[in-house]
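Data block below; observations after.
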Amino acid sequence: IMKVEEGMTLDIYISSVIPIGAMFAMTLWLGNTAYLYISVSFAQMLKAIMPVAVFILGVVAGLEMMSCRMLLIMSVISFGVLVASYGEISINWVGVIYQMGGVVGEALRLIFMEILKVIFTSGTCLWTRHSLVVSAAFEFETSELKKEELL
């Protein structure tokens with residue numbers, strides 16, 4: 001990871017901002033599609049696994065350190081989600097996969113934002129604005145594809 005002093009370059013934009021926008025769009029697309037297959041309450045229960053996904057990806061990216069204490073905490077969270085989800089009467093695995101894809105997308109977005117924050121030192125407003133523009137472009141394209149599928 002290197003420090004950037006000259007501002008937002010095309011290389012940083014392509015390697016950092018576009019993936020953040022893409023992950024945000026993926027999160028919205030997969031999360032909203034999951035609601036077609038599973039109940040809102042069940043989707044919310046599955047979203048509770050988010051801290052575990054963020055931590056695991058943070059460890060993989062080298063932003064977090066694994067410890068026995070954190071492993072215990074993540075195990076308790078995972079067990080809680082498992083217990084809460086056990087009562088679901090009809091589990092539609094397609095919806096679960098969509099929802100978990102959305103959770104992974106959101107966790108990746110948060111990790112990418114943290115990496116970009118480390119790389120880019122001129123503040124959060126600039127790169128947040130850029131990632132929202134990219135996300136809007138991905139969302140527009142996704143909605144256009146959905147319209148074509150419905151016709």
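Just remember, in the structure tokens the first chain shown is A, the second B, etc., residues are 1-based per chain, and ligands are 1-based in the order shown.
For stretch 41-45 of chain A, the non-local neighbours within 7 Å, defined as residues at least 3 positions apart in the same chain or in other chains and counting only C-alpha atoms, are Ile38, Ala48, Val81, Ala84, Ser85 and Gln99 of chain A.
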Just to be explicit: take each residue in the selection above, keep C-alpha atoms, and write the result as a compact mmCIF listing (two decimals), in the first residue's frame.
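Final output, part.txt:
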# COMPACT_ATOMS: atom_id res chain seq x y z
CA ILE A 38 -37.14 -15.19 1.07
CA ALA A 48 -26.65 -10.24 10.93
CA VAL A 81 -27.49 -16.30 13.21
CA ALA A 84 -32.27 -17.39 14.55
CA SER A 85 -32.42 -18.90 11.07
CA GLN A 99 -28.60 -12.71 0.29
With distances taken over only C-alpha atoms, the candidate from A:Ile73, A:Ile12, A:Ala53, A:Leu82 nearest A:Gly105 is A:Ala53
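For A:Val96, the set of protein, DNA and RNA residues having any atom at most 10 Å away, when counting only C-alpha atoms and skipping those fewer than 5 positions along the same chain, is Gly31, Ala34, Tyr35, Tyr37, Ile38, Phe42, Ala43, Leu46, Ile91, Gly101 and Gly102 of chain A.
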Using only C-alpha atoms, the best pick from A:Met66, A:Val83, A:Val76, A:Met23 as closest to A:Leu110 would be A:Met23
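Across A:Ser39, A:Asn32, A:Val52, A:Gly62, the tightest approach to A:Ser90 is made by A:Ser39 when counting only C-alpha atoms.
Rounded to one decimal, atom CA of A:Glu106 and atom CA of A:Ile20 lie 9.3 Å from each other.
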Might you pull out every residue within 12 Å of A:Val54, with only C-alpha atoms counted and same-chain residues fewer than 5 positions away left off, and present them as a PyMOL selection string? chain A and resi 47-49+59-64+74+103-114
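In this model, the gap between atom CA of A:Thr33 and atom CA of A:Gly58 comes to 26.1 Å.
Rounded to one decimal, atom CA of A:Ile97 and atom CA of A:Ser75 lie 20.5 Å from each other.
Those residues that approach A:Pro19 to within 10 Å, counting only C-alpha atoms, are A:Tyr13, A:Ile14, A:Ser15, A:Ser16, A:Val17, A:Gly21, A:Ala22, A:Met23, A:Phe24, A:Ala25, A:Leu108, A:Arg109, A:Phe112, A:Met113, A:Ser131, A:Val134, A:Ser135; same-chain residues fewer than 2 positions away are not listed.
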